[in-house]
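File shown: work.csv (CSV, C-alpha atoms and all ligand atoms).
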```csv
chain,number,residue,atom,x,y,z
A,1,MET,CA,14.3,4.3,-6.4
A,2,HIS,CA,16.5,6.3,-8.7
A,3,SER,CA,20.2,6.4,-7.7
A,4,MET,CA,20.4,10.1,-8.5
A,5,ASP,CA,17.5,10.8,-6.3
A,6,PRO,CA,17.7,9.0,-3.0
A,7,LEU,CA,14.5,10.4,-1.5
A,8,PRO,CA,11.6,7.9,-1.5
A,9,LEU,CA,8.7,8.8,-3.8
A,10,LEU,CA,5.2,8.9,-2.2
A,11,SER,CA,2.3,8.4,-4.6
A,12,LEU,CA,-0.9,9.9,-3.4
A,13,VAL,CA,-3.6,8.0,-5.4
A,14,VAL,CA,-7.0,9.7,-5.7
A,15,PRO,CA,-10.2,8.7,-7.5
A,16,PHE,CA,-12.3,11.6,-8.7
A,17,TYR,CA,-15.9,11.3,-9.7
A,18,ASN,CA,-17.9,14.5,-10.2
A,19,GLU,CA,-15.7,16.4,-7.8
A,20,GLU,CA,-15.4,19.8,-9.6
A,21,GLU,CA,-16.3,21.7,-6.5
A,22,MET,CA,-13.5,20.0,-4.6
A,23,ILE,CA,-10.5,20.2,-6.9
A,24,GLY,CA,-9.4,23.8,-6.1
A,25,GLN,CA,-9.3,23.3,-2.4
A,26,PHE,CA,-8.0,19.8,-2.8
A,27,PHE,CA,-4.7,20.8,-4.4
A,28,ASP,CA,-4.5,24.0,-2.2
A,29,ARG,CA,-4.5,21.9,0.9
A,30,VAL,CA,-2.8,18.6,-0.2
A,31,ILE,CA,0.2,20.0,-2.0
A,32,PRO,CA,1.6,22.2,0.9
A,33,THR,CA,0.9,19.4,3.3
A,34,LEU,CA,2.9,16.9,1.2
A,35,GLU,CA,5.7,19.5,0.7
A,36,ALA,CA,6.0,19.8,4.4
A,37,ILE,CA,6.7,16.1,5.0
A,38,PRO,CA,10.5,15.9,5.3
A,39,GLY,CA,12.6,13.4,3.4
A,40,ILE,CA,10.2,12.4,0.6
A,41,ARG,CA,9.3,13.4,-2.9
A,42,PHE,CA,5.7,13.0,-4.0
A,43,GLU,CA,3.4,12.6,-7.0
A,44,ILE,CA,-0.4,12.9,-7.0
A,45,VAL,CA,-2.1,10.2,-9.2
A,46,CYS,CA,-5.6,11.5,-10.1
A,47,VAL,CA,-8.0,9.1,-11.7
A,48,ASN,CA,-11.0,10.6,-13.4
A,49,ASP,CA,-13.6,8.0,-13.0
A,50,GLY,CA,-15.9,9.1,-15.9
A,51,SER,CA,-17.0,12.4,-14.3
A,52,ARG,CA,-19.8,14.2,-16.1
A,53,ASP,CA,-18.8,17.6,-14.8
A,54,ARG,CA,-15.7,19.7,-15.3
A,55,THR,CA,-13.5,17.4,-13.1
A,56,LEU,CA,-11.3,16.3,-16.0
A,57,GLN,CA,-10.6,19.8,-17.3
A,58,GLN,CA,-9.7,21.0,-13.8
A,59,LEU,CA,-7.4,18.0,-13.2
A,60,ILE,CA,-5.6,18.6,-16.5
A,61,PHE,CA,-5.3,22.3,-15.5
A,62,ALA,CA,-3.8,21.3,-12.1
A,63,SER,CA,-1.3,19.0,-13.8
A,64,ARG,CA,-0.2,21.8,-16.1
A,65,GLN,CA,0.4,24.0,-13.1
A,66,ASP,CA,2.4,21.3,-11.2
A,67,GLY,CA,4.3,18.5,-12.8
A,68,ARG,CA,3.9,16.3,-9.8
A,69,VAL,CA,0.2,16.0,-10.6
A,70,ARG,CA,-0.6,13.1,-13.1
A,71,VAL,CA,-4.1,12.5,-14.5
A,72,ILE,CA,-5.4,9.2,-15.7
A,73,ASP,CA,-8.8,9.5,-17.5
A,74,LEU,CA,-10.9,6.4,-17.6
A,75,THR,CA,-13.3,5.7,-20.5
A,76,ARG,CA,-16.4,5.8,-18.3
A,77,ASN,CA,-17.5,5.5,-14.6
A,78,PHE,CA,-16.1,2.2,-13.4
A,79,GLY,CA,-16.9,2.8,-9.7
A,80,LYS,CA,-14.6,3.7,-6.8
A,81,GLU,CA,-13.0,0.3,-6.4
A,82,ALA,CA,-12.0,0.1,-10.0
A,83,ALA,CA,-10.8,3.7,-10.1
A,84,LEU,CA,-8.7,3.1,-7.0
A,85,THR,CA,-7.3,0.0,-8.6
A,86,ALA,CA,-6.4,2.0,-11.7
A,87,ALA,CA,-4.7,4.7,-9.5
A,88,ILE,CA,-2.7,2.0,-7.6
A,89,ASN,CA,-1.6,0.4,-10.9
A,90,GLU,CA,-0.5,3.7,-12.3
A,91,ALA,CA,1.4,4.8,-9.2
A,92,ARG,CA,5.2,4.8,-9.5
A,93,GLY,CA,6.0,5.5,-5.8
A,94,ASP,CA,7.9,3.6,-3.2
A,95,LEU,CA,5.1,4.5,-0.9
A,96,ILE,CA,1.5,4.5,-1.9
A,97,VAL,CA,-1.4,6.3,-0.1
A,98,PRO,CA,-5.0,6.0,-1.3
A,99,PHE,CA,-6.9,9.1,-0.6
A,100,ASP,CA,-10.4,10.5,-1.1
A,101,ALA,CA,-10.9,13.7,-3.2
A,102,ASP,CA,-13.4,15.1,-0.7
A,103,LEU,CA,-10.8,15.7,2.0
A,104,GLN,CA,-12.7,13.6,4.6
A,105,ASP,CA,-9.4,12.2,5.5
A,106,PRO,CA,-7.3,15.1,6.8
A,107,PRO,CA,-4.1,15.5,4.7
A,108,HIS,CA,-1.9,16.2,7.8
A,109,VAL,CA,-2.4,12.5,8.8
A,110,ILE,CA,-0.3,11.5,5.8
A,111,GLY,CA,2.8,12.8,7.6
A,112,LYS,CA,1.9,10.6,10.6
A,113,LEU,CA,1.6,7.6,8.3
A,114,VAL,CA,5.1,8.3,6.9
A,115,ASP,CA,6.5,8.6,10.4
A,116,LYS,CA,5.1,5.2,11.3
A,117,TRP,CA,6.5,3.7,8.1
A,118,ARG,CA,9.9,4.9,9.1
A,119,GLU,CA,9.6,2.7,12.2
A,120,GLY,CA,9.8,-0.2,9.8
A,121,TYR,CA,6.2,-1.2,8.9
A,122,ASP,CA,5.0,-2.2,5.4
A,123,VAL,CA,1.4,-1.1,5.9
A,124,VAL,CA,0.2,1.8,8.1
A,125,LEU,CA,-3.6,1.9,8.5
A,126,ALA,CA,-5.4,5.2,9.3
A,127,LYS,CA,-8.1,4.3,11.8
A,128,ARG,CA,-11.0,6.6,12.5
A,129,VAL,CA,-11.5,7.1,16.2
A,130,ASP,CA,-14.9,8.6,15.8
A,131,ARG,CA,-17.5,8.7,13.0
A,132,GLU,CA,-19.2,11.9,14.1
A,133,ALA,CA,-19.2,13.2,10.5
A,134,ASP,CA,-21.3,10.2,9.4
A,135,SER,CA,-25.0,9.8,10.0
A,136,LEU,CA,-26.3,7.5,12.7
A,137,LEU,CA,-27.6,5.0,10.2
A,138,LYS,CA,-24.3,4.9,8.3
A,139,LYS,CA,-22.4,4.4,11.5
A,140,TRP,CA,-24.7,1.6,12.6
A,141,THR,CA,-24.7,-0.2,9.3
A,142,ALA,CA,-20.9,0.1,9.0
A,143,VAL,CA,-20.4,-1.4,12.5
A,144,SER,CA,-22.9,-4.3,11.7
A,145,PHE,CA,-21.2,-4.9,8.4
A,146,TYR,CA,-17.7,-5.2,9.9
A,147,HIS,CA,-19.0,-7.5,12.6
A,148,PHE,CA,-20.9,-9.8,10.2
A,149,HIS,CA,-18.1,-9.8,7.7
A,150,ASN,CA,-15.4,-10.7,10.2
A,151,ASP,CA,-17.6,-13.4,11.8
A,152,VAL,CA,-18.1,-15.2,8.5
A,153,SER,CA,-14.8,-14.5,6.7
A,154,ASP,CA,-11.3,-15.9,7.3
A,155,VAL,CA,-9.8,-12.6,6.3
A,156,LYS,CA,-10.6,-10.0,9.0
A,157,ILE,CA,-11.1,-6.4,7.9
A,158,PRO,CA,-9.9,-4.0,10.6
A,159,GLU,CA,-12.9,-2.0,11.9
A,160,ASN,CA,-13.1,1.7,11.1
A,161,VAL,CA,-10.3,1.6,8.6
A,162,GLY,CA,-11.1,2.8,5.1
A,163,ASP,CA,-8.9,2.8,2.1
A,164,PHE,CA,-6.9,5.6,3.6
A,165,ARG,CA,-3.5,4.0,4.5
A,166,LEU,CA,0.1,3.9,3.5
A,167,PHE,CA,1.7,0.8,2.0
A,168,THR,CA,5.1,0.1,0.4
A,169,ARG,CA,5.9,-0.8,-3.2
A,170,GLU,CA,6.3,-4.5,-2.1
A,171,VAL,CA,2.7,-4.6,-0.8
A,172,CYS,CA,1.5,-2.7,-3.9
A,173,ASP,CA,3.1,-5.3,-6.2
A,174,ALA,CA,1.4,-8.1,-4.1
A,175,LEU,CA,-2.0,-6.3,-4.6
A,176,LYS,CA,-1.4,-6.0,-8.3
A,177,ALA,CA,-0.7,-9.7,-8.6
A,178,LEU,CA,-4.2,-10.6,-7.3
A,179,PRO,CA,-6.1,-11.6,-10.4
A,180,GLU,CA,-9.8,-11.1,-9.4
A,181,SER,CA,-11.8,-8.4,-11.1
A,182,CYS,CA,-14.2,-7.9,-8.2
A,183,ARG,CA,-12.0,-5.4,-6.4
A,184,PHE,CA,-13.3,-5.2,-2.8
A,185,MET,CA,-10.2,-3.2,-1.9
A,186,LYS,CA,-10.6,-3.3,1.9
A,187,GLY,CA,-10.7,-7.1,1.7
A,188,LEU,CA,-7.8,-7.4,-0.7
A,189,PHE,CA,-5.7,-5.1,1.5
A,190,ALA,CA,-6.4,-7.3,4.5
A,191,TRP,CA,-5.7,-10.5,2.5
A,192,VAL,CA,-2.1,-9.5,1.5
A,193,GLY,CA,-1.1,-9.0,5.1
A,194,TYR,CA,2.4,-7.7,5.9
A,195,ARG,CA,3.7,-5.9,9.0
A,196,THR,CA,1.0,-3.5,9.9
A,197,ALA,CA,0.7,-0.5,12.2
A,198,VAL,CA,-2.3,1.7,13.0
A,199,VAL,CA,-2.5,5.5,13.3
A,200,GLU,CA,-5.7,7.0,14.7
A,201,TYR,CA,-7.4,10.1,13.3
A,202,VAL,CA,-10.7,11.9,13.3
A,203,ARG,CA,-12.6,11.7,10.0
A,204,GLU,CA,-14.1,15.0,8.8
A,205,ALA,CA,-17.3,15.8,7.0
A,206,ARG,CA,-17.1,16.1,3.2
A,207,ALA,CA,-15.6,19.6,2.4
A,208,ALA,CA,-17.9,20.1,-0.6
A,209,GLY,CA,-20.1,18.2,-3.0
A,210,LYS,CA,-22.0,15.1,-1.8
A,211,THR,CA,-21.5,11.4,-1.2
A,212,HIS,CA,-21.8,9.0,-4.1
A,213,PHE,CA,-22.8,6.1,-1.9
A,214,SER,CA,-26.6,5.7,-1.4
A,215,GLY,CA,-28.0,3.0,0.9
A,216,TRP,CA,-28.5,0.7,-2.0
A,217,LYS,CA,-24.9,1.1,-3.3
A,218,LEU,CA,-23.6,0.4,0.2
A,219,TRP,CA,-25.7,-2.7,0.5
A,220,ASN,CA,-24.3,-4.0,-2.8
A,221,PHE,CA,-20.8,-3.1,-1.6
A,222,ALA,CA,-21.4,-5.1,1.6
A,223,LEU,CA,-22.7,-8.1,-0.4
A,224,GLU,CA,-19.6,-7.8,-2.7
A,225,GLY,CA,-17.3,-7.8,0.4
A,226,ILE,CA,-18.9,-10.8,2.0
A,227,THR,CA,-19.2,-12.9,-1.2
A,228,SER,CA,-15.6,-12.1,-2.2
A,229,PHE,CA,-14.2,-13.3,1.1
A,230,SER,CA,-16.5,-15.9,2.6
A,231,THR,CA,-18.3,-19.0,1.4
A,232,LEU,CA,-20.3,-19.3,4.6
A,233,PRO,CA,-23.5,-18.0,3.1
A,234,LEU,CA,-23.3,-20.8,0.5
A,235,ARG,CA,-22.5,-23.6,3.0
A,236,ILE,CA,-25.1,-22.5,5.6
A,237,TRP,CA,-27.9,-23.9,3.4
A,238,THR,CA,-26.7,-27.5,4.0
A,239,TYR,CA,-27.2,-27.1,7.7
A,240,LEU,CA,-30.4,-25.1,7.4
A,241,GLY,CA,-31.8,-27.7,5.0
A,242,LEU,CA,-30.7,-30.6,7.3
A,243,SER,CA,-32.4,-29.0,10.4
A,244,VAL,CA,-35.6,-28.3,8.5
A,245,ALA,CA,-35.6,-31.8,7.1
A,246,LEU,CA,-35.0,-33.3,10.5
A,247,LEU,CA,-37.8,-31.3,12.0
A,248,ALA,CA,-40.2,-32.2,9.2
A,249,LEU,CA,-39.3,-35.9,9.6
A,250,SER,CA,-39.9,-35.9,13.3
A,251,ARG,CA,-43.2,-34.2,12.8
A,252,ALA,CA,-44.2,-36.8,10.1
A,253,ILE,CA,-43.4,-39.6,12.6
A,254,TYR,CA,-45.4,-37.8,15.3
A,255,LEU,CA,-48.4,-37.3,12.9
A,256,ALA,CA,-48.3,-40.9,11.8
A,257,GLY,CA,-48.3,-42.1,15.4
A,258,ARG,CA,-51.2,-39.8,16.3
A,259,THR,CA,-53.2,-40.9,13.3
A,260,LEU,CA,-52.7,-44.6,14.2
A,261,ILE,CA,-53.9,-43.9,17.8
A,262,TYR,CA,-56.7,-41.2,17.2
A,263,GLY,CA,-57.7,-41.8,13.6
A,264,VAL,CA,-57.8,-39.3,10.7
A,265,ASP,CA,-58.0,-35.6,11.5
A,266,VAL,CA,-58.9,-33.1,8.8
A,267,PRO,CA,-58.2,-29.6,10.1
A,268,GLY,CA,-54.7,-28.2,9.5
A,269,TYR,CA,-54.8,-26.0,6.5
A,270,ALA,CA,-53.2,-23.1,8.4
A,271,SER,CA,-50.2,-25.1,9.5
A,272,LEU,CA,-49.9,-26.7,6.1
A,273,ALA,CA,-50.0,-23.4,4.3
A,274,THR,CA,-47.5,-21.8,6.7
A,275,ALA,CA,-45.1,-24.7,6.3
A,276,ILE,CA,-45.2,-24.6,2.5
A,277,LEU,CA,-44.8,-20.8,2.3
A,278,LEU,CA,-42.0,-20.8,4.9
A,279,LEU,CA,-40.1,-23.6,3.1
A,280,GLY,CA,-40.7,-21.9,-0.3
A,281,GLY,CA,-39.3,-18.7,1.0
A,282,ILE,CA,-36.3,-20.4,2.5
A,283,GLN,CA,-35.6,-22.1,-0.8
A,284,LEU,CA,-35.9,-18.9,-2.7
A,285,ILE,CA,-33.3,-17.3,-0.3
A,286,GLY,CA,-31.1,-20.2,-0.9
A,287,ILE,CA,-31.3,-19.9,-4.6
A,288,GLY,CA,-30.7,-16.1,-4.3
A,289,VAL,CA,-27.5,-16.8,-2.4
A,290,LEU,CA,-26.4,-19.3,-5.1
A,291,GLY,CA,-27.2,-16.6,-7.6
A,292,GLU,CA,-24.9,-14.0,-5.9
A,293,TYR,CA,-22.0,-16.4,-6.1
A,294,ILE,CA,-22.7,-17.7,-9.6
A,295,GLY,CA,-23.1,-14.1,-10.8
A,296,ARG,CA,-19.6,-13.4,-9.5
A,297,ILE,CA,-18.1,-16.5,-11.0
A,298,TYR,CA,-19.7,-15.4,-14.3
A,299,LEU,CA,-18.1,-11.9,-14.0
A,300,GLU,CA,-14.7,-13.3,-13.1
A,301,SER,CA,-14.8,-15.9,-15.8
A,302,LYS,CA,-15.2,-13.3,-18.5
A,303,GLY,CA,-11.7,-12.0,-17.5
A,304,ARG,CA,-12.5,-8.5,-18.6
A,305,PRO,CA,-10.1,-5.7,-17.6
A,306,ILE,CA,-11.1,-3.9,-14.4
A,307,TYR,CA,-11.1,-0.5,-16.1
A,308,LEU,CA,-10.0,1.1,-19.4
A,309,VAL,CA,-7.8,4.2,-19.7
A,310,ARG,CA,-8.7,6.8,-22.3
A,311,GLN,CA,-5.7,9.1,-21.9
A,312,ARG,CA,-3.0,10.0,-19.5
A,313,PHE,CA,-2.0,13.6,-18.9
A,314,GLU,CA,1.4,14.5,-17.4
A,315,GLY,CA,2.8,18.0,-17.3
A,316,ALA,CA,2.0,19.8,-20.5
A,317,ALA,CA,1.7,17.1,-23.1
A,318,PRO,CA,-0.6,14.1,-23.0
A,319,HIS,CA,0.9,10.6,-22.9
A,320,VAL,CA,-1.2,7.8,-24.4
A,401,LIG,N1,-15.6,7.9,-6.4
A,401,LIG,C1,-15.2,7.4,-7.6
A,401,LIG,N2,-16.1,6.7,-8.4
A,401,LIG,C2,-17.4,6.5,-8.0
A,401,LIG,C3,-17.8,7.1,-6.7
A,401,LIG,C4,-16.9,7.7,-6.0
A,401,LIG,O1,-14.0,7.5,-8.0
A,401,LIG,O2,-18.2,5.9,-8.8
A,401,LIG,C5,-14.6,8.6,-5.6
A,401,LIG,C6,-15.0,10.0,-5.1
A,401,LIG,O3,-14.7,11.0,-6.0
A,401,LIG,C7,-14.2,10.2,-3.8
A,401,LIG,C8,-14.1,8.8,-3.3
A,401,LIG,O4,-14.4,7.9,-4.4
A,401,LIG,O5,-12.9,10.6,-4.1
A,401,LIG,C9,-15.1,8.5,-2.2
A,401,LIG,O6,-16.4,8.8,-2.5
A,401,LIG,P1,-17.4,9.5,-1.5
A,401,LIG,O7,-16.8,10.6,-0.8
A,401,LIG,O8,-18.7,9.8,-2.3
A,401,LIG,O9,-17.7,8.3,-0.6
A,401,LIG,P2,-18.0,8.3,1.0
A,401,LIG,O10,-16.9,9.1,1.6
A,401,LIG,O11,-19.3,8.9,1.2
A,401,LIG,O12,-18.0,6.8,1.4
A,402,MG,MG,-16.4,10.9,1.2
```

Target format structure tokens, applied to this file:
Amino acid sequence: MHSMDPLPLLSLVVPFYNEEEMIGQFFDRVIPTLEAIPGIRFEIVCVNDGSRDRTLQQLIFASRQDGRVRVIDLTRNFGKEAALTAAINEARGDLIVPFDADLQDPPHVIGKLVDKWREGYDVVLAKRVDREADSLLKKWTAVSFYHFHNDVSDVKIPENVGDFRLFTREVCDALKALPESCRFMKGLFAWVGYRTAVVEYVREARAAGKTHFSGWKLWNFALEGITSFSTLPLRIWTYLGLSVALLALSRAIYLAGRTLIYGVDVPGYASLATAILLLGGIQLIGIGVLGEYIGRIYLESKGRPIYLVRQRFEGAAPHV
């Protein structure tokens, strides 16, 4: 914090991907709401995640209108987690609030997060009390994902909490120090810990545009979450293999005994074929699981940056 300016700076960090329809209303709603929060200054860190529409031009326009709006343009679409990482890295605030461009998280909740922070917490989570805006399938898959993830991982992700939250500079620096390039932010947020409070809110439907997360993307996201924070899917094969081997062994002993008593017995193609196919399938799943992890080790070992910045825009002149 600057000695001349004692008010804490809040950084609202927002990834934008093809959100041209949203930008007008976004600033119209968010700026007055932030201005109305007493006792803070704010900046809005907008990351353009390789949008193919007029998102960047509109963001630059907004930053010329208002010096508190900063724009970071990435070189291509790196995905939401990477864009959010970029926004968090660029933030200069004492308080950081990740936020979606589609206004699904109501801006007025930010004031509540700040109030809770004043009570002395380092992290204030915004928890959805209902998911009426989401489809039944999305609701169900989200619930199953949280349950499964938390059953198999040591780091528990709070249910119905997205990236929308407030955290302090200290937490931000802790996050930035995590070296992995697979940025499953919900998991990383949970991993760093700190004194945490929860504020409840109702999530709204997207104000305009459409979601960027199809079923397949969500499935991959869930896989990433689980493989980033749990090794149970790797270890489970030992036990599964052991049980199958034990079953096979007892059956072999039984068959040997039966043959000794009743003589040779030819039929049995069906059970044989089933056993082979079943075991083959189980082995392939096991190899697939290994592949998931090895793929991630491979990606991490390359040590590539999580994103690349093309240009930064602040006020009137671009800063590279
Ligand atoms: N987003 C992004 N890069 C992407 C996909 C999405 O920066 O590749 C941004 C998007 O502009 C929005 C936020 O991530 O600000 C959440 O996206 P969306 O609303 O589509 O996700 P949902 O709310 O449906 O989970
Ligand atoms: Mg959304």

Residues of chain A within 6 Å of ligand LIG 401 (chain A): nearest atom pair and distance (Å, one decimal) for each, counting only C-alpha atoms and all ligand atoms, sorted by chain and number, as a Markdown table?
```
| residue | atom | partner | partner_atom | distance |
| --- | --- | --- | --- | --- |
| A:Pro15 | CA | A:LIG401 | O1 | 4.0 |
| A:Phe16 | CA | A:LIG401 | O3 | 3.7 |
| A:Tyr17 | CA | A:LIG401 | O3 | 3.9 |
| A:Glu19 | CA | A:LIG401 | O3 | 5.8 |
| A:Asp49 | CA | A:LIG401 | O1 | 5.0 |
| A:Asn77 | CA | A:LIG401 | O2 | 5.9 |
| A:Gly79 | CA | A:LIG401 | O2 | 3.5 |
| A:Lys80 | CA | A:LIG401 | N2 | 3.7 |
| A:Ala83 | CA | A:LIG401 | O1 | 5.4 |
| A:Asp100 | CA | A:LIG401 | O5 | 3.9 |
| A:Ala101 | CA | A:LIG401 | O5 | 3.8 |
| A:Asp102 | CA | A:LIG401 | O7 | 5.6 |
| A:Thr211 | CA | A:LIG401 | O8 | 3.4 |
| A:His212 | CA | A:LIG401 | O8 | 3.7 |
| A:Phe213 | CA | A:LIG401 | O11 | 5.4 |
```

Notebook entry, point to check: Which is closest to ligand MG 402 (chain A) among A:Tyr194, A:Phe164, A:Tyr146, A:Trp237, if we use only C-alpha atoms and all ligand atoms?
Noted result: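 The answer is A:Phe164, which sits nearest to ligand MG 402 (chain A).
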
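Atom CA of Pro179 of chain A lies 17.2 Å from atom CA of Gly295 of chain A.
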
Next item on the list: Go through A:Val244, A:Leu9, A:Leu103, A:Ala87 and flag the residue nearest ligand MG 402 (chain A), using all atoms listed in the file for the distances.
Entry: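 Under the stated criterion, the closest residue is A:Leu103.
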
Check: In Å, with one decimal, what is the gap from atom CA of Gly288 of chain A to atom CA of Ala222 of chain A?
Finding: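 Atom CA of Ala222 of chain A lies 15.6 Å from atom CA of Gly288 of chain A.
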
Check: Which polymer residues have any atom within 9 Å of an atom of Ser230 of chain A, counting all atoms listed in the file, with same-chain residues fewer than 2 positions away left out, as a list in words?
Finding: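 So the residues in contact are His149, Val152, Ser153, Asp154, Val155, Gly225, Ile226, Thr227, Ser228, Leu232, Pro233 and Leu234 of chain A.
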
Can you tell me, as a JSON list (two decimals) with C-alpha atoms, keeping the file's coordinate frame, which residues sit within 6 Å of (-7.8, -4.3, -10.7) in the file's frame, using all atoms listed in the file?
```
[["chain", "number", "residue", "atom", "x", "y", "z"],
["A", 85, "THR", "CA", -7.30, 0.00, -8.60],
["A", 181, "SER", "CA", -11.80, -8.40, -11.10],
["A", 306, "ILE", "CA", -11.10, -3.90, -14.40]]
```

Checklist line | Closest of A:Phe313, A:Asp115, A:Val198, A:Leu260 to Asp66 of chain A - atom-to-atom distances counting all atoms listed in the file | finding: A:Phe313

Env of segment 186-189 of chain A: 10 Å cut, atoms = all atoms listed in the file, seq-sep filter 4 positions within chain, self excluded. Answer as a compact mmCIF listing (two decimals) with C-alpha atoms, in the frame of the given file.
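Result written to part_20.txt:
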```txt
# COMPACT_ATOMS: atom_id res chain seq x y z
CA GLU A 81 -13.00 0.30 -6.40
CA VAL A 123 1.40 -1.10 5.90
CA HIS A 149 -18.10 -9.80 7.70
CA SER A 153 -14.80 -14.50 6.70
CA VAL A 155 -9.80 -12.60 6.30
CA LYS A 156 -10.60 -10.00 9.00
CA ILE A 157 -11.10 -6.40 7.90
CA PRO A 158 -9.90 -4.00 10.60
CA VAL A 161 -10.30 1.60 8.60
CA GLY A 162 -11.10 2.80 5.10
CA ASP A 163 -8.90 2.80 2.10
CA PHE A 164 -6.90 5.60 3.60
CA ARG A 165 -3.50 4.00 4.50
CA PHE A 167 1.70 0.80 2.00
CA VAL A 171 2.70 -4.60 -0.80
CA CYS A 172 1.50 -2.70 -3.90
CA ALA A 174 1.40 -8.10 -4.10
CA LEU A 175 -2.00 -6.30 -4.60
CA LEU A 178 -4.20 -10.60 -7.30
CA GLU A 180 -9.80 -11.10 -9.40
CA CYS A 182 -14.20 -7.90 -8.20
CA GLY A 193 -1.10 -9.00 5.10
CA TYR A 194 2.40 -7.70 5.90
CA GLU A 224 -19.60 -7.80 -2.70
CA GLY A 225 -17.30 -7.80 0.40
CA ILE A 226 -18.90 -10.80 2.00
CA SER A 228 -15.60 -12.10 -2.20
CA PHE A 229 -14.20 -13.30 1.10
```

Margin query: Please report the interatomic distance between atom CA of Asp28 of chain A and atom CA of Ile44 of chain A in Å with one decimal.
Written below: 12.8 Å

Checklist line | Near-Lys116 of chain A list (9 Å; only C-alpha atoms; drop same-chain fewer than 6 positions) as JSON, numbers by chain | finding: {"A": [124, 197, 198, 199]}

Checklist line | Point (-3.9, 21.5, -18.3) neighbourhood (9 Å, only C-alpha atoms) written as a PyMOL selection string | finding: chain A and resi 57-65+313-317

Next item on the list: Find the residues around Ile37 of chain A up to 9 Å (all atoms listed in the file counted), leave out those fewer than 5 positions away in its own chain, and share them as a PyMOL selection string.
Entry: chain A and resi 32+110-111+114

Margin query: Could you check the closest approach to ligand MG 402 (chain A) for each of A:Pro106, A:Gly67, A:Pro305, A:Gly281 and tell me which residue wins, using only C-alpha atoms and all ligand atoms?
Written below: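 Closest residue, counting only C-alpha atoms and all ligand atoms: A:Pro106.
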
Please rebuild segment 20-24 of chain A with all heavy atoms and give the result as a PDB file, keeping the file's coordinate frame.
```pdb
ATOM      1  N   GLU A  20     -15.885  18.453  -9.166  1.00  0.00           N
ATOM      2  CA  GLU A  20     -15.400  19.800  -9.600  1.00  0.00           C
ATOM      3  C   GLU A  20     -15.337  20.801  -8.494  1.00  0.00           C
ATOM      4  O   GLU A  20     -14.448  21.635  -8.466  1.00  0.00           O
ATOM      5  CB  GLU A  20     -16.199  20.302 -10.795  1.00  0.00           C
ATOM      6  CG  GLU A  20     -17.659  20.545 -10.471  1.00  0.00           C
ATOM      7  CD  GLU A  20     -18.467  21.081 -11.655  1.00  0.00           C
ATOM      8  OE1 GLU A  20     -17.888  21.278 -12.738  1.00  0.00           O
ATOM      9  OE2 GLU A  20     -19.669  21.305 -11.486  1.00  0.00           O
ATOM     10  N   GLU A  21     -16.288  20.704  -7.554  1.00  0.00           N
ATOM     11  CA  GLU A  21     -16.300  21.700  -6.500  1.00  0.00           C
ATOM     12  C   GLU A  21     -15.127  21.516  -5.512  1.00  0.00           C
ATOM     13  O   GLU A  21     -14.811  22.396  -4.733  1.00  0.00           O
ATOM     14  CB  GLU A  21     -17.587  21.530  -5.625  1.00  0.00           C
ATOM     15  CG  GLU A  21     -18.855  21.821  -6.371  1.00  0.00           C
ATOM     16  CD  GLU A  21     -20.060  21.268  -5.606  1.00  0.00           C
ATOM     17  OE1 GLU A  21     -20.372  21.795  -4.520  1.00  0.00           O
ATOM     18  OE2 GLU A  21     -20.657  20.300  -6.095  1.00  0.00           O
ATOM     19  N   MET A  22     -14.542  20.323  -5.541  1.00  0.00           N
ATOM     20  CA  MET A  22     -13.500  20.000  -4.600  1.00  0.00           C
ATOM     21  C   MET A  22     -12.101  20.316  -5.046  1.00  0.00           C
ATOM     22  O   MET A  22     -11.189  20.505  -4.244  1.00  0.00           O
ATOM     23  CB  MET A  22     -13.536  18.480  -4.256  1.00  0.00           C
ATOM     24  CG  MET A  22     -14.535  18.036  -3.248  1.00  0.00           C
ATOM     25  SD  MET A  22     -14.456  18.972  -1.738  1.00  0.00           S
ATOM     26  CE  MET A  22     -12.727  18.856  -1.311  1.00  0.00           C
ATOM     27  N   ILE A  23     -11.892  20.339  -6.364  1.00  0.00           N
ATOM     28  CA  ILE A  23     -10.500  20.200  -6.900  1.00  0.00           C
ATOM     29  C   ILE A  23      -9.637  21.411  -6.467  1.00  0.00           C
ATOM     30  O   ILE A  23      -8.496  21.196  -6.055  1.00  0.00           O
ATOM     31  CB  ILE A  23     -10.577  20.065  -8.421  1.00  0.00           C
ATOM     32  CG1 ILE A  23     -11.145  18.667  -8.668  1.00  0.00           C
ATOM     33  CG2 ILE A  23      -9.197  20.201  -9.045  1.00  0.00           C
ATOM     34  CD1 ILE A  23     -11.390  18.337 -10.094  1.00  0.00           C
ATOM     35  N   GLY A  24     -10.195  22.648  -6.507  1.00  0.00           N
ATOM     36  CA  GLY A  24      -9.400  23.800  -6.100  1.00  0.00           C
ATOM     37  C   GLY A  24      -8.850  23.635  -4.689  1.00  0.00           C
ATOM     38  O   GLY A  24      -7.633  23.631  -4.475  1.00  0.00           O
TER      39      GLY A  24
END
```
